[in-house]
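Novice: Data file structure-v3.txt (compact mmCIF, N, CA and C atoms) is appended below.
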# COMPACT_ATOMS: atom_id res chain seq x y z
N MET A 1 30.02 9.65 -54.50
CA MET A 1 29.37 10.42 -53.49
C MET A 1 30.35 10.64 -52.33
N PRO A 2 30.54 11.89 -51.92
CA PRO A 2 31.48 12.13 -50.83
C PRO A 2 30.89 11.69 -49.50
N ALA A 3 31.73 11.17 -48.66
CA ALA A 3 31.30 10.79 -47.31
C ALA A 3 31.06 12.05 -46.51
N THR A 4 29.98 12.06 -45.79
CA THR A 4 29.69 13.22 -44.95
C THR A 4 29.88 12.84 -43.50
N ALA A 5 30.39 13.74 -42.78
CA ALA A 5 30.60 13.50 -41.35
C ALA A 5 29.27 13.64 -40.62
N VAL A 6 29.01 12.73 -39.73
CA VAL A 6 27.80 12.80 -38.93
C VAL A 6 28.12 13.64 -37.71
N PRO A 7 27.38 14.73 -37.51
CA PRO A 7 27.66 15.58 -36.36
C PRO A 7 27.36 14.83 -35.06
N THR A 8 28.13 15.12 -34.07
CA THR A 8 27.92 14.53 -32.75
C THR A 8 26.73 15.22 -32.11
N PRO A 9 25.72 14.46 -31.68
CA PRO A 9 24.56 15.10 -31.05
C PRO A 9 24.95 15.79 -29.76
N ALA A 10 24.20 16.83 -29.43
CA ALA A 10 24.48 17.60 -28.22
C ALA A 10 24.30 16.76 -26.96
N THR A 11 23.54 15.69 -27.05
CA THR A 11 23.28 14.86 -25.87
C THR A 11 24.24 13.68 -25.76
N ALA A 12 25.24 13.63 -26.62
CA ALA A 12 26.19 12.52 -26.57
C ALA A 12 26.89 12.48 -25.22
N VAL A 13 27.13 11.29 -24.74
CA VAL A 13 27.79 11.10 -23.46
C VAL A 13 29.25 10.79 -23.73
N PRO A 14 30.17 11.52 -23.12
CA PRO A 14 31.58 11.21 -23.32
C PRO A 14 31.87 9.77 -22.90
N ALA A 15 32.89 9.20 -23.49
CA ALA A 15 33.23 7.80 -23.21
C ALA A 15 33.36 7.54 -21.72
N SER A 16 33.96 8.46 -20.97
CA SER A 16 34.13 8.25 -19.53
C SER A 16 32.79 8.27 -18.80
N GLY A 17 31.80 9.01 -19.33
CA GLY A 17 30.50 9.09 -18.70
C GLY A 17 29.61 7.90 -19.02
N ARG A 18 29.94 7.21 -20.12
CA ARG A 18 29.11 6.05 -20.51
C ARG A 18 29.14 4.96 -19.45
N ALA A 19 30.30 4.71 -18.92
CA ALA A 19 30.41 3.65 -17.90
C ALA A 19 29.62 4.02 -16.66
N ALA A 20 29.69 5.28 -16.27
CA ALA A 20 28.95 5.72 -15.09
C ALA A 20 27.45 5.63 -15.34
N ARG A 21 27.01 6.07 -16.53
CA ARG A 21 25.60 6.01 -16.84
C ARG A 21 25.13 4.57 -16.92
N SER A 22 25.95 3.71 -17.52
CA SER A 22 25.60 2.31 -17.63
C SER A 22 25.43 1.68 -16.24
N ALA A 23 26.33 2.00 -15.33
CA ALA A 23 26.22 1.48 -13.97
C ALA A 23 24.96 1.99 -13.29
N ALA A 24 24.64 3.27 -13.52
CA ALA A 24 23.43 3.84 -12.93
C ALA A 24 22.19 3.18 -13.51
N GLN A 25 22.22 2.88 -14.82
CA GLN A 25 21.07 2.22 -15.43
C GLN A 25 20.89 0.81 -14.90
N ARG A 26 22.00 0.13 -14.64
CA ARG A 26 21.90 -1.22 -14.08
C ARG A 26 21.37 -1.19 -12.66
N ALA A 27 21.73 -0.16 -11.90
CA ALA A 27 21.31 -0.06 -10.50
C ALA A 27 19.85 0.34 -10.38
N ALA A 28 19.34 1.11 -11.34
CA ALA A 28 17.96 1.60 -11.26
C ALA A 28 16.93 0.48 -11.14
N PRO A 29 17.00 -0.58 -11.96
CA PRO A 29 16.00 -1.65 -11.79
C PRO A 29 16.08 -2.32 -10.43
N ARG A 30 17.30 -2.48 -9.89
CA ARG A 30 17.41 -3.09 -8.56
C ARG A 30 16.78 -2.21 -7.51
N ALA A 31 16.98 -0.89 -7.61
CA ALA A 31 16.38 0.03 -6.64
C ALA A 31 14.87 0.00 -6.76
N ALA A 32 14.36 -0.01 -7.99
CA ALA A 32 12.91 -0.05 -8.19
C ALA A 32 12.33 -1.35 -7.67
N GLN A 33 13.06 -2.45 -7.90
CA GLN A 33 12.59 -3.74 -7.42
C GLN A 33 12.55 -3.75 -5.90
N GLY A 34 13.56 -3.17 -5.25
CA GLY A 34 13.57 -3.10 -3.80
C GLY A 34 12.43 -2.27 -3.27
N ALA A 35 12.12 -1.15 -3.93
CA ALA A 35 11.01 -0.31 -3.50
C ALA A 35 9.69 -1.05 -3.66
N ALA A 36 9.55 -1.80 -4.74
CA ALA A 36 8.31 -2.54 -4.95
C ALA A 36 8.14 -3.60 -3.88
N THR A 37 9.23 -4.25 -3.51
CA THR A 37 9.14 -5.28 -2.48
C THR A 37 8.77 -4.67 -1.14
N GLN A 38 9.31 -3.49 -0.85
CA GLN A 38 9.03 -2.86 0.43
C GLN A 38 7.59 -2.39 0.51
N GLY A 39 7.02 -1.94 -0.57
CA GLY A 39 5.69 -1.37 -0.49
C GLY A 39 4.70 -2.07 -1.38
N GLY A 40 4.96 -2.10 -2.67
CA GLY A 40 3.99 -2.56 -3.64
C GLY A 40 3.70 -4.03 -3.65
N GLY A 41 4.56 -4.85 -3.11
CA GLY A 41 4.32 -6.28 -3.16
C GLY A 41 3.99 -6.89 -1.82
N ALA A 42 4.90 -6.77 -0.90
CA ALA A 42 4.73 -7.41 0.40
C ALA A 42 3.57 -6.80 1.18
N ASP A 43 3.39 -5.49 1.06
CA ASP A 43 2.30 -4.87 1.82
C ASP A 43 0.96 -5.34 1.30
N ILE A 44 0.82 -5.47 -0.01
CA ILE A 44 -0.44 -5.95 -0.57
C ILE A 44 -0.65 -7.42 -0.19
N GLY A 45 0.44 -8.17 -0.12
CA GLY A 45 0.33 -9.56 0.31
C GLY A 45 -0.23 -9.69 1.71
N LEU A 46 0.23 -8.84 2.62
CA LEU A 46 -0.29 -8.86 3.99
C LEU A 46 -1.77 -8.51 4.01
N LEU A 47 -2.15 -7.52 3.22
CA LEU A 47 -3.57 -7.14 3.17
C LEU A 47 -4.42 -8.26 2.59
N GLY A 48 -3.90 -8.94 1.58
CA GLY A 48 -4.62 -10.07 1.00
C GLY A 48 -4.81 -11.19 2.01
N ARG A 49 -3.77 -11.45 2.79
CA ARG A 49 -3.89 -12.48 3.83
C ARG A 49 -4.90 -12.07 4.90
N ALA A 50 -4.90 -10.79 5.25
CA ALA A 50 -5.86 -10.30 6.25
C ALA A 50 -7.29 -10.43 5.73
N ASP A 51 -7.48 -10.07 4.47
CA ASP A 51 -8.82 -10.16 3.87
C ASP A 51 -9.27 -11.62 3.79
N ALA A 52 -8.35 -12.52 3.45
CA ALA A 52 -8.68 -13.94 3.40
C ALA A 52 -9.04 -14.47 4.78
N ALA A 53 -8.29 -14.04 5.79
CA ALA A 53 -8.59 -14.47 7.17
C ALA A 53 -9.97 -13.98 7.58
N LEU A 54 -10.29 -12.73 7.24
CA LEU A 54 -11.63 -12.21 7.56
C LEU A 54 -12.71 -13.03 6.85
N GLY A 55 -12.49 -13.31 5.58
CA GLY A 55 -13.45 -14.11 4.82
C GLY A 55 -13.66 -15.51 5.38
N ALA A 56 -12.61 -16.04 6.04
CA ALA A 56 -12.70 -17.37 6.63
C ALA A 56 -13.20 -17.33 8.07
N GLY A 57 -13.59 -16.12 8.53
CA GLY A 57 -14.13 -16.00 9.87
C GLY A 57 -13.08 -15.88 10.96
N ARG A 58 -11.84 -15.61 10.58
CA ARG A 58 -10.76 -15.49 11.56
C ARG A 58 -10.41 -14.00 11.75
N ALA A 59 -11.31 -13.28 12.39
CA ALA A 59 -11.16 -11.83 12.54
C ALA A 59 -9.94 -11.46 13.37
N LEU A 60 -9.65 -12.20 14.42
CA LEU A 60 -8.48 -11.87 15.25
C LEU A 60 -7.17 -12.04 14.48
N GLU A 61 -7.10 -13.07 13.65
CA GLU A 61 -5.92 -13.26 12.80
C GLU A 61 -5.81 -12.10 11.80
N ALA A 62 -6.94 -11.71 11.23
CA ALA A 62 -6.95 -10.59 10.29
C ALA A 62 -6.47 -9.31 10.97
N LEU A 63 -6.93 -9.08 12.17
CA LEU A 63 -6.52 -7.89 12.91
C LEU A 63 -5.03 -7.92 13.21
N ASP A 64 -4.50 -9.08 13.56
CA ASP A 64 -3.07 -9.23 13.80
C ASP A 64 -2.28 -8.90 12.53
N LEU A 65 -2.72 -9.38 11.39
CA LEU A 65 -2.04 -9.10 10.13
C LEU A 65 -2.10 -7.61 9.79
N LEU A 66 -3.24 -6.98 10.08
CA LEU A 66 -3.36 -5.55 9.81
C LEU A 66 -2.46 -4.73 10.73
N GLU A 67 -2.34 -5.15 11.97
CA GLU A 67 -1.45 -4.45 12.90
C GLU A 67 0.01 -4.62 12.46
N ARG A 68 0.35 -5.79 11.98
CA ARG A 68 1.71 -6.03 11.45
C ARG A 68 1.95 -5.13 10.24
N HIS A 69 0.96 -5.02 9.38
CA HIS A 69 1.06 -4.15 8.20
C HIS A 69 1.28 -2.69 8.63
N ALA A 70 0.55 -2.25 9.62
CA ALA A 70 0.67 -0.86 10.09
C ALA A 70 2.06 -0.59 10.67
N ARG A 71 2.63 -1.57 11.33
CA ARG A 71 4.00 -1.39 11.87
C ARG A 71 5.03 -1.34 10.75
N ARG A 72 4.89 -2.19 9.76
CA ARG A 72 5.88 -2.26 8.67
C ARG A 72 5.72 -1.13 7.66
N TYR A 73 4.48 -0.74 7.39
CA TYR A 73 4.20 0.25 6.34
C TYR A 73 3.28 1.34 6.89
N PRO A 74 3.73 2.11 7.86
CA PRO A 74 2.84 3.07 8.52
C PRO A 74 2.25 4.12 7.60
N ARG A 75 2.98 4.53 6.56
CA ARG A 75 2.46 5.52 5.62
C ARG A 75 2.62 5.04 4.18
N GLY A 76 2.39 3.76 3.98
CA GLY A 76 2.54 3.17 2.65
C GLY A 76 1.39 3.54 1.73
N SER A 77 1.53 3.14 0.49
CA SER A 77 0.52 3.47 -0.51
C SER A 77 -0.81 2.75 -0.27
N SER A 78 -0.81 1.73 0.55
CA SER A 78 -2.05 0.99 0.80
C SER A 78 -2.64 1.27 2.19
N THR A 79 -2.27 2.40 2.78
CA THR A 79 -2.78 2.76 4.11
C THR A 79 -4.30 2.87 4.09
N GLU A 80 -4.85 3.51 3.09
CA GLU A 80 -6.30 3.68 2.99
C GLU A 80 -7.01 2.32 2.96
N GLN A 81 -6.50 1.41 2.15
CA GLN A 81 -7.09 0.08 2.06
C GLN A 81 -7.00 -0.65 3.39
N ARG A 82 -5.85 -0.54 4.04
CA ARG A 82 -5.66 -1.20 5.34
C ARG A 82 -6.67 -0.69 6.37
N GLU A 83 -6.81 0.62 6.45
CA GLU A 83 -7.70 1.19 7.45
C GLU A 83 -9.16 0.84 7.19
N ALA A 84 -9.56 0.80 5.93
CA ALA A 84 -10.93 0.40 5.61
C ALA A 84 -11.17 -1.05 6.00
N LEU A 85 -10.22 -1.90 5.71
CA LEU A 85 -10.34 -3.31 6.08
C LEU A 85 -10.35 -3.47 7.60
N ALA A 86 -9.58 -2.67 8.30
CA ALA A 86 -9.54 -2.74 9.76
C ALA A 86 -10.90 -2.44 10.37
N VAL A 87 -11.61 -1.48 9.81
CA VAL A 87 -12.95 -1.16 10.32
C VAL A 87 -13.85 -2.38 10.17
N ARG A 88 -13.83 -3.00 9.01
CA ARG A 88 -14.67 -4.19 8.79
C ARG A 88 -14.29 -5.32 9.74
N VAL A 89 -12.99 -5.51 9.94
CA VAL A 89 -12.52 -6.58 10.84
C VAL A 89 -13.00 -6.32 12.27
N LEU A 90 -12.90 -5.07 12.72
CA LEU A 90 -13.34 -4.74 14.08
C LEU A 90 -14.83 -4.99 14.26
N VAL A 91 -15.62 -4.70 13.24
CA VAL A 91 -17.07 -4.96 13.32
C VAL A 91 -17.30 -6.46 13.47
N VAL A 92 -16.66 -7.26 12.63
CA VAL A 92 -16.85 -8.71 12.69
C VAL A 92 -16.35 -9.28 14.02
N ALA A 93 -15.31 -8.67 14.58
CA ALA A 93 -14.78 -9.13 15.87
C ALA A 93 -15.66 -8.69 17.04
N GLY A 94 -16.73 -7.94 16.76
CA GLY A 94 -17.63 -7.50 17.82
C GLY A 94 -17.16 -6.24 18.54
N ARG A 95 -16.20 -5.55 17.98
CA ARG A 95 -15.66 -4.35 18.61
C ARG A 95 -16.20 -3.11 17.88
N ARG A 96 -17.52 -2.97 17.93
CA ARG A 96 -18.22 -1.94 17.16
C ARG A 96 -17.83 -0.52 17.56
N ASP A 97 -17.66 -0.26 18.84
CA ASP A 97 -17.27 1.09 19.26
C ASP A 97 -15.90 1.46 18.70
N GLU A 98 -14.98 0.52 18.78
CA GLU A 98 -13.64 0.75 18.23
C GLU A 98 -13.70 0.92 16.71
N ALA A 99 -14.56 0.14 16.07
CA ALA A 99 -14.73 0.25 14.62
C ALA A 99 -15.29 1.62 14.24
N ALA A 100 -16.27 2.09 15.00
CA ALA A 100 -16.87 3.41 14.71
C ALA A 100 -15.85 4.53 14.89
N ALA A 101 -15.03 4.44 15.94
CA ALA A 101 -14.00 5.46 16.16
C ALA A 101 -12.96 5.43 15.05
N ARG A 102 -12.58 4.25 14.63
CA ARG A 102 -11.59 4.14 13.56
C ARG A 102 -12.18 4.63 12.24
N ALA A 103 -13.46 4.38 12.03
CA ALA A 103 -14.13 4.87 10.82
C ALA A 103 -14.16 6.39 10.78
N GLU A 104 -14.36 7.02 11.93
CA GLU A 104 -14.34 8.49 11.97
C GLU A 104 -12.95 9.04 11.64
N ARG A 105 -11.93 8.39 12.15
CA ARG A 105 -10.56 8.80 11.80
C ARG A 105 -10.31 8.59 10.30
N PHE A 106 -10.87 7.51 9.77
CA PHE A 106 -10.74 7.22 8.34
C PHE A 106 -11.39 8.33 7.52
N ARG A 107 -12.60 8.74 7.92
CA ARG A 107 -13.31 9.82 7.20
C ARG A 107 -12.50 11.11 7.17
N THR A 108 -11.85 11.40 8.29
CA THR A 108 -11.03 12.61 8.37
C THR A 108 -9.82 12.49 7.45
N ALA A 109 -9.17 11.33 7.47
CA ALA A 109 -7.96 11.14 6.68
C ALA A 109 -8.24 10.96 5.19
N PHE A 110 -9.38 10.36 4.85
CA PHE A 110 -9.71 10.03 3.45
C PHE A 110 -11.14 10.45 3.12
N PRO A 111 -11.43 11.75 3.12
CA PRO A 111 -12.81 12.21 2.95
C PRO A 111 -13.44 11.85 1.60
N ASP A 112 -12.65 11.59 0.59
CA ASP A 112 -13.18 11.27 -0.73
C ASP A 112 -12.98 9.80 -1.10
N SER A 113 -12.77 8.97 -0.10
CA SER A 113 -12.45 7.57 -0.35
C SER A 113 -13.62 6.81 -0.97
N LEU A 114 -13.27 5.91 -1.86
CA LEU A 114 -14.28 5.02 -2.44
C LEU A 114 -14.69 3.92 -1.46
N PHE A 115 -13.95 3.81 -0.36
CA PHE A 115 -14.28 2.80 0.66
C PHE A 115 -15.38 3.26 1.62
N LEU A 116 -15.73 4.53 1.61
CA LEU A 116 -16.71 5.05 2.58
C LEU A 116 -18.05 4.32 2.55
N PRO A 117 -18.63 4.05 1.37
CA PRO A 117 -19.91 3.31 1.39
C PRO A 117 -19.80 1.93 2.04
N SER A 118 -18.68 1.24 1.82
CA SER A 118 -18.56 -0.08 2.46
C SER A 118 -18.39 0.03 3.96
N LEU A 119 -17.76 1.12 4.42
CA LEU A 119 -17.65 1.34 5.87
C LEU A 119 -19.03 1.64 6.46
N ASP A 120 -19.78 2.49 5.78
CA ASP A 120 -21.13 2.79 6.25
C ASP A 120 -21.96 1.53 6.36
N ALA A 121 -21.86 0.66 5.35
CA ALA A 121 -22.63 -0.58 5.36
C ALA A 121 -22.17 -1.49 6.50
N ALA A 122 -20.87 -1.57 6.72
CA ALA A 122 -20.34 -2.44 7.79
C ALA A 122 -20.79 -1.95 9.17
N LEU A 123 -20.95 -0.65 9.32
CA LEU A 123 -21.30 -0.09 10.63
C LEU A 123 -22.80 -0.06 10.90
N GLN A 124 -23.61 -0.45 9.94
CA GLN A 124 -25.07 -0.52 10.16
C GLN A 124 -25.38 -1.56 11.22
N PRO A 125 -26.36 -1.27 12.05
CA PRO A 125 -26.73 -2.28 13.06
C PRO A 125 -27.14 -3.58 12.39
N PRO A 126 -26.83 -4.69 13.05
CA PRO A 126 -27.16 -6.01 12.46
C PRO A 126 -28.65 -6.24 12.34
Render the structure in this file as structure tokens.
Specialist:
Amino acid sequence: MPATAVPTPATAVPASGRAARSAAQRAAPRAAQGAATQGGGADIGLLGRADAALGAGRALEALDLLERHARRYPRGSSTEQREALAVRVLVVAGRRDEAAARAERFRTAFPDSLFLPSLDAALQPP
């Protein structure tokens, strides 16, 4: 049987390009990991701590954590969650007027949010 030559695929990378692509592939996971740490991990951790503080009756601590979150991640992927939690924290802290104003801003920013029913419930008179 005669040996047949295998055609070079059109997508083949020249030898000089392989090293560059390999370096780019190695860098991609580090960049993704850095992005996750900046937004997807640490920001959720702060929100979890704020929620735990609220659950333990430490509303002022929760509010401090939420304010820290807002400074670090002003337009992060968890902004909606942060703002909804902030409304609940303000209600528990006795700052109902501030909570109502923040809830109105929330409605404007997130009109289709799944958090709206919980905000409505939190803002009901005691």
Novice: Pick out the closest residue to Ala59 in chain A from this set: A:Asp43, A:Ala109, A:Val92, A:Ser118. Count only N, CA and C atoms.
Specialist: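 Selected residue with least distance to Ala59 in chain A: A:Val92.
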Novice: With a distance cut-off of 8 Å and all atoms listed in the file, select the neighbouring residues of Ala70 in chain A, excluding the residue or stretch itself and same-chain residues fewer than 5 positions from it, and output the selection as a CSV table (one decimal) with N, CA and C atoms, in the frame of the given file.
Specialist:
chain,number,residue,atom,x,y,z
A,64,ASP,N,-4.5,-9.1,13.6
A,64,ASP,CA,-3.1,-9.2,13.8
A,64,ASP,C,-2.3,-8.9,12.5
A,65,LEU,N,-2.7,-9.4,11.4
A,65,LEU,CA,-2.0,-9.1,10.1
A,65,LEU,C,-2.1,-7.6,9.8
A,75,ARG,N,3.0,4.5,6.6
A,75,ARG,CA,2.5,5.5,5.6
A,75,ARG,C,2.6,5.0,4.2
A,76,GLY,N,2.4,3.8,4.0
A,76,GLY,CA,2.5,3.2,2.6
A,76,GLY,C,1.4,3.5,1.7
A,79,THR,N,-2.3,2.4,2.8
A,79,THR,CA,-2.8,2.8,4.1
A,79,THR,C,-4.3,2.9,4.1
A,82,ARG,N,-5.8,-0.5,4.0
A,82,ARG,CA,-5.7,-1.2,5.3
A,82,ARG,C,-6.7,-0.7,6.4
Novice: What is the CA of Ala93 in chain A to CA of Ser113 in chain A distance in Å?
Specialist: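 Between these atoms lies a distance of 23.4 Å.
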Novice: Excluding Gln81 in chain A and residues on its chain fewer than 4 positions from it, collect all residues at most 8 Å away from it, counting all atoms listed in the file, and give them as a PyMOL selection string.
Specialist: chain A and resi 47+77+85-87+115
Novice: Restricting it to N, CA and C atoms, dump the selection as a PDB file, in the frame of the given file.
Specialist:
ATOM      1  N   LEU A  47      -2.150  -7.520   3.220  1.00  0.00           N
ATOM      2  CA  LEU A  47      -3.570  -7.140   3.170  1.00  0.00           C
ATOM      3  C   LEU A  47      -4.420  -8.260   2.590  1.00  0.00           C
ATOM      4  N   SER A  77       1.530   3.140   0.490  1.00  0.00           N
ATOM      5  CA  SER A  77       0.520   3.470  -0.510  1.00  0.00           C
ATOM      6  C   SER A  77      -0.810   2.750  -0.270  1.00  0.00           C
ATOM      7  N   LEU A  85     -10.220  -1.900   5.710  1.00  0.00           N
ATOM      8  CA  LEU A  85     -10.340  -3.310   6.080  1.00  0.00           C
ATOM      9  C   LEU A  85     -10.350  -3.470   7.600  1.00  0.00           C
ATOM     10  N   ALA A  86      -9.580  -2.670   8.300  1.00  0.00           N
ATOM     11  CA  ALA A  86      -9.540  -2.740   9.760  1.00  0.00           C
ATOM     12  C   ALA A  86     -10.900  -2.440  10.370  1.00  0.00           C
ATOM     13  N   VAL A  87     -11.610  -1.480   9.810  1.00  0.00           N
ATOM     14  CA  VAL A  87     -12.950  -1.160  10.320  1.00  0.00           C
ATOM     15  C   VAL A  87     -13.850  -2.380  10.170  1.00  0.00           C
ATOM     16  N   PHE A 115     -13.950   3.810  -0.360  1.00  0.00           N
ATOM     17  CA  PHE A 115     -14.280   2.800   0.660  1.00  0.00           C
ATOM     18  C   PHE A 115     -15.380   3.260   1.620  1.00  0.00           C
TER      19      PHE A 115
END
Novice: Identify, on the basis of all atoms listed in the file, every residue whose closest approach to range 48-56 of chain A does not exceed 6.5 Å; exclude the query and any residue fewer than 6 positions from it along the same chain; express the result as a JSON list (two decimals) with N, CA and C atoms, keeping the file's coordinate frame.
Specialist:
[["chain", "number", "residue", "atom", "x", "y", "z"],
["A", 62, "ALA", "N", -6.94, -11.71, 11.23],
["A", 62, "ALA", "CA", -6.95, -10.59, 10.29],
["A", 62, "ALA", "C", -6.47, -9.31, 10.97],
["A", 63, "LEU", "N", -6.93, -9.08, 12.17],
["A", 63, "LEU", "CA", -6.52, -7.89, 12.91],
["A", 63, "LEU", "C", -5.03, -7.92, 13.21],
["A", 65, "LEU", "N", -2.72, -9.38, 11.39],
["A", 65, "LEU", "CA", -2.04, -9.10, 10.13],
["A", 65, "LEU", "C", -2.10, -7.61, 9.79],
["A", 66, "LEU", "N", -3.24, -6.98, 10.08],
["A", 66, "LEU", "CA", -3.36, -5.55, 9.81],
["A", 66, "LEU", "C", -2.46, -4.73, 10.73]]
Novice: Find the residues around Leu116 in chain A up to 8 Å (all atoms listed in the file counted), leave out those fewer than 5 positions away in its own chain, and share them as a PyMOL selection string.
Specialist: chain A and resi 84+106-107+110-111+121-122
Novice: Include N, CA and C atoms and write out the residues we just selected as an mmCIF file, in the coordinates of the input.
Specialist:
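Saved result, part.cif, follows:
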data_model
loop_
_atom_site.group_PDB
_atom_site.id
_atom_site.type_symbol
_atom_site.label_atom_id
_atom_site.label_comp_id
_atom_site.auth_asym_id
_atom_site.auth_seq_id
_atom_site.Cartn_x
_atom_site.Cartn_y
_atom_site.Cartn_z
ATOM 1 N N ALA A 84 -9.560 0.800 5.930
ATOM 2 C CA ALA A 84 -10.930 0.400 5.610
ATOM 3 C C ALA A 84 -11.170 -1.050 6.000
ATOM 4 N N PHE A 106 -10.870 7.510 9.770
ATOM 5 C CA PHE A 106 -10.740 7.220 8.340
ATOM 6 C C PHE A 106 -11.390 8.330 7.520
ATOM 7 N N ARG A 107 -12.600 8.740 7.920
ATOM 8 C CA ARG A 107 -13.310 9.820 7.200
ATOM 9 C C ARG A 107 -12.500 11.110 7.170
ATOM 10 N N PHE A 110 -9.380 10.360 4.850
ATOM 11 C CA PHE A 110 -9.710 10.030 3.450
ATOM 12 C C PHE A 110 -11.140 10.450 3.120
ATOM 13 N N PRO A 111 -11.430 11.750 3.120
ATOM 14 C CA PRO A 111 -12.810 12.210 2.950
ATOM 15 C C PRO A 111 -13.440 11.850 1.600
ATOM 16 N N ALA A 121 -21.860 0.660 5.350
ATOM 17 C CA ALA A 121 -22.630 -0.580 5.360
ATOM 18 C C ALA A 121 -22.170 -1.490 6.500
ATOM 19 N N ALA A 122 -20.870 -1.570 6.720
ATOM 20 C CA ALA A 122 -20.340 -2.440 7.790
ATOM 21 C C ALA A 122 -20.790 -1.950 9.170
#
Novice: How many Å lie between CA of Glu98 in chain A and atom N of Gly57 in chain A, rounded to one decimal?
Specialist: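 CA of Glu98 in chain A sits 19.5 Å away from atom N of Gly57 in chain A.
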Novice: Expressed in Å to a single decimal, how great is the separation between atom N of Ala103 in chain A and atom N of Pro125 in chain A?
Specialist: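 Taking atom N of Ala103 in chain A as the start and atom N of Pro125 in chain A as the end point, the length is 14.1 Å.
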